[in-house]
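Next up, entry_16.pdb (PDB, C-alpha atoms and all ligand atoms):
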```pdb
ATOM      1  CA  MET A   1     -71.624 -80.235 -67.461  1.00  0.00           C
ATOM      2  CA  SER A   2     -73.787 -79.219 -70.389  1.00  0.00           C
ATOM      3  CA  GLU A   3     -72.821 -80.122 -73.932  1.00  0.00           C
ATOM      4  CA  ARG A   4     -72.348 -76.436 -74.784  1.00  0.00           C
ATOM      5  CA  HIS A   5     -70.105 -76.023 -71.755  1.00  0.00           C
ATOM      6  CA  THR A   6     -68.047 -79.074 -72.786  1.00  0.00           C
ATOM      7  CA  ARG A   7     -67.711 -77.848 -76.378  1.00  0.00           C
ATOM      8  CA  LYS A   8     -66.457 -74.460 -75.185  1.00  0.00           C
ATOM      9  CA  TYR A   9     -63.969 -76.253 -72.964  1.00  0.00           C
ATOM     10  CA  ARG A  10     -62.682 -78.405 -75.813  1.00  0.00           C
ATOM     11  CA  LEU A  11     -62.161 -75.228 -77.844  1.00  0.00           C
ATOM     12  CA  GLY A  12     -59.989 -73.896 -75.042  1.00  0.00           C
ATOM     13  CA  LYS A  13     -62.529 -71.247 -74.042  1.00  0.00           C
ATOM     14  CA  ILE A  14     -63.385 -71.491 -70.400  1.00  0.00           C
ATOM     15  CA  PRO A  15     -66.837 -70.076 -69.655  1.00  0.00           C
ATOM     16  CA  GLU A  16     -65.999 -68.981 -66.099  1.00  0.00           C
ATOM     17  CA  MET A  17     -63.119 -66.912 -67.445  1.00  0.00           C
ATOM     18  CA  GLY A  18     -65.248 -64.259 -69.103  1.00  0.00           C
ATOM     19  CA  SER A  19     -64.105 -61.872 -66.388  1.00  0.00           C
ATOM     20  CA  ARG A  20     -60.450 -62.787 -66.962  1.00  0.00           C
ATOM     21  CA  PRO A  21     -59.864 -62.201 -70.669  1.00  0.00           C
ATOM     22  CA  ARG A  22     -56.153 -61.519 -70.135  1.00  0.00           C
ATOM     23  CA  TYR A  23     -55.409 -64.783 -68.327  1.00  0.00           C
ATOM     24  CA  ARG A  24     -52.127 -66.418 -69.357  1.00  0.00           C
ATOM     25  CA  GLY A  25     -51.431 -69.928 -68.039  1.00  0.00           C
ATOM     26  CA  GLU A  26     -47.676 -69.520 -68.445  1.00  0.00           C
ATOM     27  CA  LEU A  27     -47.724 -66.388 -66.250  1.00  0.00           C
ATOM     28  CA  HIS A  28     -49.877 -68.173 -63.661  1.00  0.00           C
ATOM     29  CA  TYR A  29     -47.354 -71.037 -63.466  1.00  0.00           C
ATOM     30  CA  GLY A  30     -44.419 -68.594 -63.543  1.00  0.00           C
ATOM     31  CA  PHE A  31     -45.849 -66.586 -60.635  1.00  0.00           C
ATOM     32  CA  THR A  32     -46.663 -69.494 -58.294  1.00  0.00           C
ATOM     33  CA  VAL A  33     -43.504 -71.491 -58.951  1.00  0.00           C
ATOM     34  CA  GLY A  34     -41.360 -68.342 -59.237  1.00  0.00           C
ATOM     35  CA  PHE A  35     -42.639 -67.132 -55.833  1.00  0.00           C
ATOM     36  CA  ALA A  36     -41.788 -70.499 -54.275  1.00  0.00           C
ATOM     37  CA  LEU A  37     -38.316 -70.469 -55.839  1.00  0.00           C
ATOM     38  CA  LEU A  38     -37.771 -66.920 -54.615  1.00  0.00           C
ATOM     39  CA  ILE A  39     -38.565 -68.054 -51.065  1.00  0.00           C
ATOM     40  CA  GLY A  40     -36.141 -70.948 -51.604  1.00  0.00           C
ATOM     41  CA  CYS A  41     -33.371 -68.586 -52.759  1.00  0.00           C
ATOM     42  CA  TRP A  42     -34.058 -66.279 -49.804  1.00  0.00           C
ATOM     43  CA  SER A  43     -33.737 -69.277 -47.431  1.00  0.00           C
ATOM     44  CA  ILE A  44     -30.392 -70.237 -48.992  1.00  0.00           C
ATOM     45  CA  SER A  45     -29.148 -66.653 -48.650  1.00  0.00           C
ATOM     46  CA  ARG A  46     -29.935 -66.760 -44.899  1.00  0.00           C
ATOM     47  CA  LEU A  47     -27.886 -69.897 -44.240  1.00  0.00           C
ATOM     48  CA  ASP A  48     -24.774 -69.288 -42.155  1.00  0.00           C
ATOM     49  CA  HIS A  49     -22.174 -71.999 -42.671  1.00  0.00           C
ATOM     50  CA  PRO A  50     -24.601 -74.941 -42.366  1.00  0.00           C
ATOM     51  CA  SER A  51     -23.130 -78.354 -41.630  1.00  0.00           C
ATOM     52  CA  TRP A  52     -24.000 -81.617 -43.365  1.00  0.00           C
ATOM     53  CA  MET A  53     -25.690 -82.641 -40.116  1.00  0.00           C
ATOM     54  CA  ASP A  54     -28.298 -79.886 -40.613  1.00  0.00           C
ATOM     55  CA  LEU A  55     -29.587 -81.558 -43.794  1.00  0.00           C
ATOM     56  CA  TRP A  56     -31.613 -84.160 -41.856  1.00  0.00           C
ATOM     57  CA  VAL A  57     -34.522 -81.743 -41.894  1.00  0.00           C
ATOM     58  CA  ILE A  58     -34.928 -81.869 -45.704  1.00  0.00           C
ATOM     59  CA  PRO A  59     -36.115 -85.509 -46.016  1.00  0.00           C
ATOM     60  CA  LEU A  60     -38.217 -84.999 -42.874  1.00  0.00           C
ATOM     61  CA  ILE A  61     -39.997 -81.990 -44.431  1.00  0.00           C
ATOM     62  CA  ILE A  62     -40.494 -83.905 -47.701  1.00  0.00           C
ATOM     63  CA  ILE A  63     -42.213 -86.759 -45.822  1.00  0.00           C
ATOM     64  CA  TYR A  64     -44.246 -84.307 -43.714  1.00  0.00           C
ATOM     65  CA  ALA A  65     -45.293 -82.398 -46.866  1.00  0.00           C
ATOM     66  CA  ASN A  66     -46.304 -85.669 -48.521  1.00  0.00           C
ATOM     67  CA  PHE A  67     -48.767 -86.305 -45.667  1.00  0.00           C
ATOM     68  CA  VAL A  68     -50.020 -82.703 -45.784  1.00  0.00           C
ATOM     69  CA  GLU A  69     -50.541 -83.097 -49.561  1.00  0.00           C
ATOM     70  CA  TYR A  70     -52.459 -86.327 -48.916  1.00  0.00           C
ATOM     71  CA  PHE A  71     -54.788 -84.996 -46.222  1.00  0.00           C
ATOM     72  CA  VAL A  72     -55.452 -81.627 -47.887  1.00  0.00           C
ATOM     73  CA  HIS A  73     -56.285 -83.425 -51.138  1.00  0.00           C
ATOM     74  CA  ARG A  74     -58.357 -86.137 -49.473  1.00  0.00           C
ATOM     75  CA  ILE A  75     -60.395 -83.913 -47.140  1.00  0.00           C
ATOM     76  CA  PRO A  76     -61.003 -80.230 -48.053  1.00  0.00           C
ATOM     77  CA  LEU A  77     -60.348 -80.674 -51.781  1.00  0.00           C
ATOM     78  CA  HIS A  78     -62.773 -83.609 -52.050  1.00  0.00           C
ATOM     79  CA  ARG A  79     -65.279 -82.865 -49.281  1.00  0.00           C
ATOM     80  CA  ARG A  80     -67.253 -79.706 -48.743  1.00  0.00           C
ATOM     81  CA  ILE A  81     -65.991 -78.454 -45.375  1.00  0.00           C
ATOM     82  CA  PRO A  82     -67.740 -75.363 -43.944  1.00  0.00           C
ATOM     83  CA  GLY A  83     -65.514 -72.329 -44.498  1.00  0.00           C
ATOM     84  CA  LEU A  84     -63.326 -74.163 -47.035  1.00  0.00           C
ATOM     85  CA  GLY A  85     -65.972 -74.640 -49.730  1.00  0.00           C
ATOM     86  CA  VAL A  86     -63.936 -72.607 -52.213  1.00  0.00           C
ATOM     87  CA  LEU A  87     -61.234 -75.315 -52.185  1.00  0.00           C
ATOM     88  CA  TYR A  88     -63.796 -78.053 -52.890  1.00  0.00           C
ATOM     89  CA  GLU A  89     -65.383 -75.972 -55.637  1.00  0.00           C
ATOM     90  CA  ARG A  90     -62.078 -75.319 -57.395  1.00  0.00           C
ATOM     91  CA  HIS A  91     -60.715 -78.870 -57.139  1.00  0.00           C
ATOM     92  CA  GLY A  92     -63.469 -81.406 -56.386  1.00  0.00           C
ATOM     93  CA  ILE A  93     -65.908 -79.792 -58.791  1.00  0.00           C
ATOM     94  CA  GLN A  94     -64.061 -77.782 -61.450  1.00  0.00           C
ATOM     95  CA  HIS A  95     -60.719 -79.597 -61.765  1.00  0.00           C
ATOM     96  CA  HIS A  96     -62.331 -83.050 -61.751  1.00  0.00           C
ATOM     97  CA  ARG A  97     -65.178 -82.007 -64.026  1.00  0.00           C
ATOM     98  CA  TYR A  98     -62.859 -80.617 -66.665  1.00  0.00           C
ATOM     99  CA  PHE A  99     -60.354 -83.447 -66.473  1.00  0.00           C
ATOM    100  CA  THR A 100     -61.452 -87.077 -66.278  1.00  0.00           C
ATOM    101  CA  ASP A 101     -59.346 -90.219 -66.734  1.00  0.00           C
ATOM    102  CA  ARG A 102     -60.527 -90.346 -70.364  1.00  0.00           C
ATOM    103  CA  ASP A 103     -59.744 -86.709 -71.059  1.00  0.00           C
ATOM    104  CA  ILE A 104     -56.990 -85.585 -68.700  1.00  0.00           C
ATOM    105  CA  SER A 105     -54.798 -83.430 -70.953  1.00  0.00           C
ATOM    106  CA  ILE A 106     -55.015 -79.696 -71.412  1.00  0.00           C
ATOM    107  CA  ILE A 107     -55.368 -78.547 -74.998  1.00  0.00           C
ATOM    108  CA  SER A 108     -54.712 -74.865 -74.326  1.00  0.00           C
ATOM    109  CA  PRO A 109     -52.616 -72.930 -71.763  1.00  0.00           C
ATOM    110  CA  LEU A 110     -55.932 -71.317 -70.726  1.00  0.00           C
ATOM    111  CA  GLN A 111     -56.881 -74.598 -69.076  1.00  0.00           C
ATOM    112  CA  MET A 112     -53.915 -74.303 -66.711  1.00  0.00           C
ATOM    113  CA  TYR A 113     -56.334 -72.132 -64.732  1.00  0.00           C
ATOM    114  CA  TYR A 114     -58.045 -75.352 -63.587  1.00  0.00           C
ATOM    115  CA  VAL A 115     -54.825 -77.269 -62.965  1.00  0.00           C
ATOM    116  CA  LEU A 116     -52.735 -74.839 -60.907  1.00  0.00           C
ATOM    117  CA  PHE A 117     -53.501 -73.556 -57.423  1.00  0.00           C
ATOM    118  CA  PRO A 118     -54.881 -70.009 -57.446  1.00  0.00           C
ATOM    119  CA  ALA A 119     -51.922 -67.608 -57.484  1.00  0.00           C
ATOM    120  CA  VAL A 120     -52.955 -66.281 -54.097  1.00  0.00           C
ATOM    121  CA  ALA A 121     -52.541 -69.771 -52.540  1.00  0.00           C
ATOM    122  CA  ILE A 122     -48.747 -69.550 -52.532  1.00  0.00           C
ATOM    123  CA  VAL A 123     -48.915 -66.184 -50.774  1.00  0.00           C
ATOM    124  CA  PHE A 124     -50.955 -67.844 -47.988  1.00  0.00           C
ATOM    125  CA  PHE A 125     -49.061 -71.126 -48.037  1.00  0.00           C
ATOM    126  CA  ILE A 126     -45.669 -69.674 -47.066  1.00  0.00           C
ATOM    127  CA  PRO A 127     -46.687 -67.314 -44.220  1.00  0.00           C
ATOM    128  CA  LEU A 128     -49.518 -69.471 -42.801  1.00  0.00           C
ATOM    129  CA  ALA A 129     -48.268 -73.043 -43.250  1.00  0.00           C
ATOM    130  CA  ALA A 130     -44.584 -73.412 -44.086  1.00  0.00           C
ATOM    131  CA  GLY A 131     -43.429 -70.270 -42.260  1.00  0.00           C
ATOM    132  CA  PRO A 132     -44.607 -71.120 -38.710  1.00  0.00           C
ATOM    133  CA  VAL A 133     -43.418 -74.747 -38.965  1.00  0.00           C
ATOM    134  CA  SER A 134     -39.985 -73.612 -40.210  1.00  0.00           C
ATOM    135  CA  PHE A 135     -39.815 -70.947 -37.488  1.00  0.00           C
ATOM    136  CA  LEU A 136     -40.593 -73.545 -34.816  1.00  0.00           C
ATOM    137  CA  ILE A 137     -37.967 -75.937 -36.219  1.00  0.00           C
ATOM    138  CA  GLY A 138     -35.451 -73.075 -36.335  1.00  0.00           C
ATOM    139  CA  HIS A 139     -36.265 -72.175 -32.727  1.00  0.00           C
ATOM    140  CA  LEU A 140     -35.770 -75.785 -31.585  1.00  0.00           C
ATOM    141  CA  PHE A 141     -32.790 -76.870 -33.707  1.00  0.00           C
ATOM    142  CA  GLY A 142     -31.086 -73.683 -34.791  1.00  0.00           C
ATOM    143  CA  PRO A 143     -31.592 -71.072 -37.530  1.00  0.00           C
ATOM    144  CA  ASN A 144     -29.843 -73.057 -40.287  1.00  0.00           C
ATOM    145  CA  VAL A 145     -32.189 -76.016 -39.788  1.00  0.00           C
ATOM    146  CA  GLY A 146     -35.173 -73.621 -39.832  1.00  0.00           C
ATOM    147  CA  TRP A 147     -34.060 -72.019 -43.123  1.00  0.00           C
ATOM    148  CA  LEU A 148     -33.449 -75.457 -44.654  1.00  0.00           C
ATOM    149  CA  ALA A 149     -36.987 -76.454 -43.582  1.00  0.00           C
ATOM    150  CA  LEU A 150     -38.391 -73.374 -45.355  1.00  0.00           C
ATOM    151  CA  LEU A 151     -36.266 -74.165 -48.426  1.00  0.00           C
ATOM    152  CA  ALA A 152     -37.604 -77.748 -48.526  1.00  0.00           C
ATOM    153  CA  SER A 153     -41.214 -76.556 -48.059  1.00  0.00           C
ATOM    154  CA  ALA A 154     -40.985 -74.013 -50.883  1.00  0.00           C
ATOM    155  CA  GLY A 155     -39.263 -76.573 -53.106  1.00  0.00           C
ATOM    156  CA  TYR A 156     -41.982 -79.141 -52.406  1.00  0.00           C
ATOM    157  CA  PHE A 157     -44.693 -76.659 -53.389  1.00  0.00           C
ATOM    158  CA  ALA A 158     -42.893 -75.895 -56.698  1.00  0.00           C
ATOM    159  CA  TRP A 159     -42.415 -79.639 -57.244  1.00  0.00           C
ATOM    160  CA  TYR A 160     -46.116 -80.348 -56.624  1.00  0.00           C
ATOM    161  CA  GLU A 161     -47.304 -77.642 -59.009  1.00  0.00           C
ATOM    162  CA  THR A 162     -44.840 -78.682 -61.723  1.00  0.00           C
ATOM    163  CA  PHE A 163     -45.618 -82.351 -61.336  1.00  0.00           C
ATOM    164  CA  HIS A 164     -49.385 -81.887 -61.317  1.00  0.00           C
ATOM    165  CA  LEU A 165     -49.134 -79.761 -64.444  1.00  0.00           C
ATOM    166  CA  ALA A 166     -46.938 -82.431 -66.090  1.00  0.00           C
ATOM    167  CA  ASN A 167     -49.690 -84.980 -65.352  1.00  0.00           C
ATOM    168  CA  HIS A 168     -52.105 -82.856 -67.331  1.00  0.00           C
ATOM    169  CA  LEU A 169     -49.873 -82.198 -70.345  1.00  0.00           C
ATOM    170  CA  PRO A 170     -50.614 -84.192 -73.504  1.00  0.00           C
ATOM    171  CA  MET A 171     -48.834 -87.563 -73.703  1.00  0.00           C
ATOM    172  CA  SER A 172     -47.000 -86.295 -76.802  1.00  0.00           C
ATOM    173  CA  HIS A 173     -45.253 -83.624 -74.688  1.00  0.00           C
ATOM    174  CA  SER A 174     -41.504 -84.189 -74.185  1.00  0.00           C
ATOM    175  CA  VAL A 175     -41.961 -84.051 -70.389  1.00  0.00           C
ATOM    176  CA  HIS A 176     -43.440 -87.566 -70.537  1.00  0.00           C
ATOM    177  CA  ARG A 177     -40.058 -88.915 -71.661  1.00  0.00           C
ATOM    178  CA  VAL A 178     -38.698 -88.250 -68.132  1.00  0.00           C
ATOM    179  CA  PRO A 179     -37.988 -91.729 -66.689  1.00  0.00           C
ATOM    180  CA  GLY A 180     -40.623 -92.868 -64.187  1.00  0.00           C
ATOM    181  CA  LEU A 181     -42.990 -89.986 -64.861  1.00  0.00           C
ATOM    182  CA  SER A 182     -45.465 -91.943 -66.956  1.00  0.00           C
ATOM    183  CA  ALA A 183     -45.874 -94.539 -64.161  1.00  0.00           C
ATOM    184  CA  LEU A 184     -46.718 -91.807 -61.640  1.00  0.00           C
ATOM    185  CA  CYS A 185     -49.002 -90.103 -64.188  1.00  0.00           C
ATOM    186  CA  LYS A 186     -50.956 -93.352 -64.410  1.00  0.00           C
ATOM    187  CA  TYR A 187     -51.832 -93.069 -60.706  1.00  0.00           C
ATOM    188  CA  HIS A 188     -53.092 -89.520 -61.151  1.00  0.00           C
ATOM    189  CA  ARG A 189     -55.084 -90.520 -64.220  1.00  0.00           C
ATOM    190  CA  LEU A 190     -56.805 -93.206 -62.104  1.00  0.00           C
ATOM    191  CA  HIS A 191     -57.538 -90.562 -59.451  1.00  0.00           C
ATOM    192  CA  HIS A 192     -59.403 -88.627 -62.160  1.00  0.00           C
ATOM    193  CA  HIS A 193     -61.739 -91.587 -62.804  1.00  0.00           C
ATOM    194  CA  PRO A 194     -65.107 -90.319 -61.479  1.00  0.00           C
ATOM    195  CA  ALA A 195     -65.600 -93.501 -59.423  1.00  0.00           C
ATOM    196  CA  TYR A 196     -62.148 -93.297 -57.772  1.00  0.00           C
ATOM    197  CA  SER A 197     -61.513 -89.590 -57.162  1.00  0.00           C
ATOM    198  CA  LYS A 198     -62.788 -89.635 -53.557  1.00  0.00           C
ATOM    199  CA  GLN A 199     -61.135 -92.969 -52.761  1.00  0.00           C
ATOM    200  CA  TYR A 200     -57.700 -93.433 -54.310  1.00  0.00           C
ATOM    201  CA  ASN A 201     -54.390 -91.810 -55.237  1.00  0.00           C
ATOM    202  CA  PHE A 202     -54.449 -88.556 -53.307  1.00  0.00           C
ATOM    203  CA  ASN A 203     -50.680 -88.099 -53.577  1.00  0.00           C
ATOM    204  CA  VAL A 204     -49.507 -86.382 -56.736  1.00  0.00           C
ATOM    205  CA  THR A 205     -45.740 -86.129 -56.151  1.00  0.00           C
ATOM    206  CA  PHE A 206     -44.973 -89.650 -54.893  1.00  0.00           C
ATOM    207  CA  PRO A 207     -47.444 -92.083 -53.347  1.00  0.00           C
ATOM    208  CA  LEU A 208     -45.990 -92.577 -49.855  1.00  0.00           C
ATOM    209  CA  ALA A 209     -49.048 -91.593 -47.795  1.00  0.00           C
ATOM    210  CA  ASP A 210     -51.361 -93.413 -50.243  1.00  0.00           C
ATOM    211  CA  TRP A 211     -49.297 -96.560 -49.751  1.00  0.00           C
ATOM    212  CA  ILE A 212     -49.358 -96.227 -45.948  1.00  0.00           C
ATOM    213  CA  PHE A 213     -53.125 -95.607 -45.768  1.00  0.00           C
ATOM    214  CA  GLY A 214     -54.002 -98.282 -48.336  1.00  0.00           C
ATOM    215  CA  THR A 215     -55.442 -95.858 -50.887  1.00  0.00           C
ATOM    216  CA  LEU A 216     -52.850 -96.465 -53.626  1.00  0.00           C
ATOM    217  CA  LYS A 217     -54.569 -97.835 -56.728  1.00  0.00           C
ATOM    218  CA  LYS A 218     -52.255 -99.057 -59.485  1.00  0.00           C
ATOM    219  CA  GLU A 219     -54.697-100.509 -62.019  1.00  0.00           C
TER     220      GLU A 219
HETATM  221 ZN    ZN B   1     -55.291 -83.400 -61.622  1.00  0.00          ZN
HETATM  222 ZN    ZN B   2     -58.489 -84.721 -56.705  1.00  0.00          ZN
END
```

If you took the structure in this file and wrote it as structure tokens, what would it be?
Amino acid sequence: MSERHTRKYRLGKIPEMGSRPRYRGELHYGFTVGFALLIGCWSISRLDHPSWMDLWVIPLIIIYANFVEYFVHRIPLHRRIPGLGVLYERHGIQHHRYFTDRDISIISPLQMYYVLFPAVAIVFFIPLAAGPVSFLIGHLFGPNVGWLALLASAGYFAWYETFHLANHLPMSHSVHRVPGLSALCKYHRLHHHPAYSKQYNFNVTFPLADWIFGTLKKE
């Protein structure tokens, strides 16, 4: 990154955003997380007298989503895969270039552009990823279990986006007073070290898959 580019970034002016002068980070976050929460509310509205026994699917989806988060982050977001280059460009290049372990915090809501998934990602995520899996689960174990699976998937997406954004908020922000958050933020900060980003700490929410695959770096 050139010095001029870096200076513009530090001023909160993102060069690539010349074509998006009306960008608002708060609206970007509100749209992606709001869409996920809307899907969650829709799933709840479709439940028909679920039993406590149906809830088994929620922890299962959370674990499954943790592995999806791990592999998507480790492979297409950090390796240029033919046909998925846009993902690598947005995350492996732009997100990691703008935010390093020494300079991980946003200083303007404009920079949320390089923290959050593109708004269109949530529109693809639900119908192409979470939807078919939830439909299959519903077909096998009953509609209530399927709707609970969709609820858990949408909730996980909102959790990921919120948590990743929290990692990139300044340490003075009140969100960092949430118990346990600063410890998890430390892992993500290490992931942003240029020497570690392709090797360690691919989980953002909680480091289960990193722990299982031996890629959890604590120091
Ligand atoms: Zn990050
Ligand atoms: Zn990364």

Legend entry - Å distance separating atom CA of Arg90 of chain A from atom CA of Val72 of chain A, one decimal place: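 Taking atom CA of Arg90 of chain A as the start and atom CA of Val72 of chain A as the end point, the length is 13.2 Å.
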
Using only C-alpha atoms and all ligand atoms, determine which residues fall within 9 Å of ligand ZN 2 (chain B), then list them as a PDB file with C-alpha atoms, keeping the file's coordinate frame.
```
ATOM      1  CA  HIS A  73     -56.285 -83.425 -51.138  1.00  0.00           C
ATOM      2  CA  ARG A  74     -58.357 -86.137 -49.473  1.00  0.00           C
ATOM      3  CA  LEU A  77     -60.348 -80.674 -51.781  1.00  0.00           C
ATOM      4  CA  HIS A  78     -62.773 -83.609 -52.050  1.00  0.00           C
ATOM      5  CA  HIS A  91     -60.715 -78.870 -57.139  1.00  0.00           C
ATOM      6  CA  GLY A  92     -63.469 -81.406 -56.386  1.00  0.00           C
ATOM      7  CA  HIS A  95     -60.719 -79.597 -61.765  1.00  0.00           C
ATOM      8  CA  HIS A  96     -62.331 -83.050 -61.751  1.00  0.00           C
ATOM      9  CA  HIS A 188     -53.092 -89.520 -61.151  1.00  0.00           C
ATOM     10  CA  HIS A 191     -57.538 -90.562 -59.451  1.00  0.00           C
ATOM     11  CA  HIS A 192     -59.403 -88.627 -62.160  1.00  0.00           C
ATOM     12  CA  SER A 197     -61.513 -89.590 -57.162  1.00  0.00           C
ATOM     13  CA  LYS A 198     -62.788 -89.635 -53.557  1.00  0.00           C
ATOM     14  CA  ASN A 201     -54.390 -91.810 -55.237  1.00  0.00           C
ATOM     15  CA  PHE A 202     -54.449 -88.556 -53.307  1.00  0.00           C
TER      16      PHE A 202
END
```

Legend entry - Straight-line distance linking atom CA of Phe206 of chain A with atom CA of Arg177 of chain A, stated in Å to one decimal: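 Between these atoms lies a distance of 17.5 Å.
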
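Among the candidates A:Ile106, A:Leu151, A:Val120, A:Leu140, the residue lying nearest to ligand ZN 1 (chain B) is A:Ile106 (atoms considered: all atoms listed in the file).
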
Inset, instruction - Could you tell me which residues the PyMOL selection byres (((chain A and resi 49-57) around 12) and not hetatm) returns for this structure, as number ranges by chain? - result: A: 43-48, 58-65, 133-134, 137-138, 140-153

Writer output for current selection, C-alpha atoms, as a PDB file, keeping the file's coordinate frame:
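Written output follows (result_17.pdb):
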```
ATOM      1  CA  SER A  43     -33.737 -69.277 -47.431  1.00  0.00           C
ATOM      2  CA  ILE A  44     -30.392 -70.237 -48.992  1.00  0.00           C
ATOM      3  CA  SER A  45     -29.148 -66.653 -48.650  1.00  0.00           C
ATOM      4  CA  ARG A  46     -29.935 -66.760 -44.899  1.00  0.00           C
ATOM      5  CA  LEU A  47     -27.886 -69.897 -44.240  1.00  0.00           C
ATOM      6  CA  ASP A  48     -24.774 -69.288 -42.155  1.00  0.00           C
ATOM      7  CA  ILE A  58     -34.928 -81.869 -45.704  1.00  0.00           C
ATOM      8  CA  PRO A  59     -36.115 -85.509 -46.016  1.00  0.00           C
ATOM      9  CA  LEU A  60     -38.217 -84.999 -42.874  1.00  0.00           C
ATOM     10  CA  ILE A  61     -39.997 -81.990 -44.431  1.00  0.00           C
ATOM     11  CA  ILE A  62     -40.494 -83.905 -47.701  1.00  0.00           C
ATOM     12  CA  ILE A  63     -42.213 -86.759 -45.822  1.00  0.00           C
ATOM     13  CA  TYR A  64     -44.246 -84.307 -43.714  1.00  0.00           C
ATOM     14  CA  ALA A  65     -45.293 -82.398 -46.866  1.00  0.00           C
ATOM     15  CA  VAL A 133     -43.418 -74.747 -38.965  1.00  0.00           C
ATOM     16  CA  SER A 134     -39.985 -73.612 -40.210  1.00  0.00           C
ATOM     17  CA  ILE A 137     -37.967 -75.937 -36.219  1.00  0.00           C
ATOM     18  CA  GLY A 138     -35.451 -73.075 -36.335  1.00  0.00           C
ATOM     19  CA  LEU A 140     -35.770 -75.785 -31.585  1.00  0.00           C
ATOM     20  CA  PHE A 141     -32.790 -76.870 -33.707  1.00  0.00           C
ATOM     21  CA  GLY A 142     -31.086 -73.683 -34.791  1.00  0.00           C
ATOM     22  CA  PRO A 143     -31.592 -71.072 -37.530  1.00  0.00           C
ATOM     23  CA  ASN A 144     -29.843 -73.057 -40.287  1.00  0.00           C
ATOM     24  CA  VAL A 145     -32.189 -76.016 -39.788  1.00  0.00           C
ATOM     25  CA  GLY A 146     -35.173 -73.621 -39.832  1.00  0.00           C
ATOM     26  CA  TRP A 147     -34.060 -72.019 -43.123  1.00  0.00           C
ATOM     27  CA  LEU A 148     -33.449 -75.457 -44.654  1.00  0.00           C
ATOM     28  CA  ALA A 149     -36.987 -76.454 -43.582  1.00  0.00           C
ATOM     29  CA  LEU A 150     -38.391 -73.374 -45.355  1.00  0.00           C
ATOM     30  CA  LEU A 151     -36.266 -74.165 -48.426  1.00  0.00           C
ATOM     31  CA  ALA A 152     -37.604 -77.748 -48.526  1.00  0.00           C
ATOM     32  CA  SER A 153     -41.214 -76.556 -48.059  1.00  0.00           C
TER      33      SER A 153
END
```

Taking all heavy atoms as the atom set, what does segment 125-129 of chain A look like once completed, written as an mmCIF file, in the frame of the given file?
```
data_model
loop_
_atom_site.group_PDB
_atom_site.id
_atom_site.type_symbol
_atom_site.label_atom_id
_atom_site.label_comp_id
_atom_site.auth_asym_id
_atom_site.auth_seq_id
_atom_site.Cartn_x
_atom_site.Cartn_y
_atom_site.Cartn_z
ATOM 1 N N PHE A 125 -49.730 -69.891 -48.418
ATOM 2 C CA PHE A 125 -49.061 -71.126 -48.037
ATOM 3 C C PHE A 125 -47.778 -70.851 -47.240
ATOM 4 O O PHE A 125 -47.542 -71.451 -46.193
ATOM 5 C CB PHE A 125 -48.736 -71.950 -49.293
ATOM 6 C CG PHE A 125 -47.801 -73.097 -49.046
ATOM 7 C CD1 PHE A 125 -48.240 -74.245 -48.411
ATOM 8 C CD2 PHE A 125 -46.463 -73.022 -49.442
ATOM 9 C CE1 PHE A 125 -47.375 -75.302 -48.176
ATOM 10 C CE2 PHE A 125 -45.598 -74.068 -49.207
ATOM 11 C CZ PHE A 125 -46.052 -75.214 -48.576
ATOM 12 N N ILE A 126 -46.959 -69.917 -47.724
ATOM 13 C CA ILE A 126 -45.669 -69.674 -47.066
ATOM 14 C C ILE A 126 -45.859 -69.055 -45.680
ATOM 15 O O ILE A 126 -45.388 -69.621 -44.686
ATOM 16 C CB ILE A 126 -44.743 -68.808 -47.958
ATOM 17 C CG1 ILE A 126 -44.414 -69.563 -49.258
ATOM 18 C CG2 ILE A 126 -43.475 -68.404 -47.221
ATOM 19 C CD1 ILE A 126 -43.557 -70.798 -49.102
ATOM 20 N N PRO A 127 -46.596 -67.907 -45.560
ATOM 21 C CA PRO A 127 -46.687 -67.314 -44.220
ATOM 22 C C PRO A 127 -47.537 -68.115 -43.240
ATOM 23 O O PRO A 127 -47.250 -68.125 -42.046
ATOM 24 C CB PRO A 127 -47.314 -65.936 -44.453
ATOM 25 C CG PRO A 127 -47.441 -65.761 -45.913
ATOM 26 C CD PRO A 127 -47.250 -67.085 -46.571
ATOM 27 N N LEU A 128 -48.588 -68.821 -43.736
ATOM 28 C CA LEU A 128 -49.518 -69.471 -42.801
ATOM 29 C C LEU A 128 -49.194 -70.931 -42.524
ATOM 30 O O LEU A 128 -49.557 -71.467 -41.485
ATOM 31 C CB LEU A 128 -50.957 -69.374 -43.331
ATOM 32 C CG LEU A 128 -51.535 -67.960 -43.438
ATOM 33 C CD1 LEU A 128 -52.962 -67.996 -43.935
ATOM 34 C CD2 LEU A 128 -51.471 -67.249 -42.079
ATOM 35 N N ALA A 129 -48.533 -71.611 -43.451
ATOM 36 C CA ALA A 129 -48.268 -73.043 -43.250
ATOM 37 C C ALA A 129 -46.768 -73.301 -43.086
ATOM 38 O O ALA A 129 -46.304 -73.689 -42.009
ATOM 39 C CB ALA A 129 -48.831 -73.841 -44.426
#
```
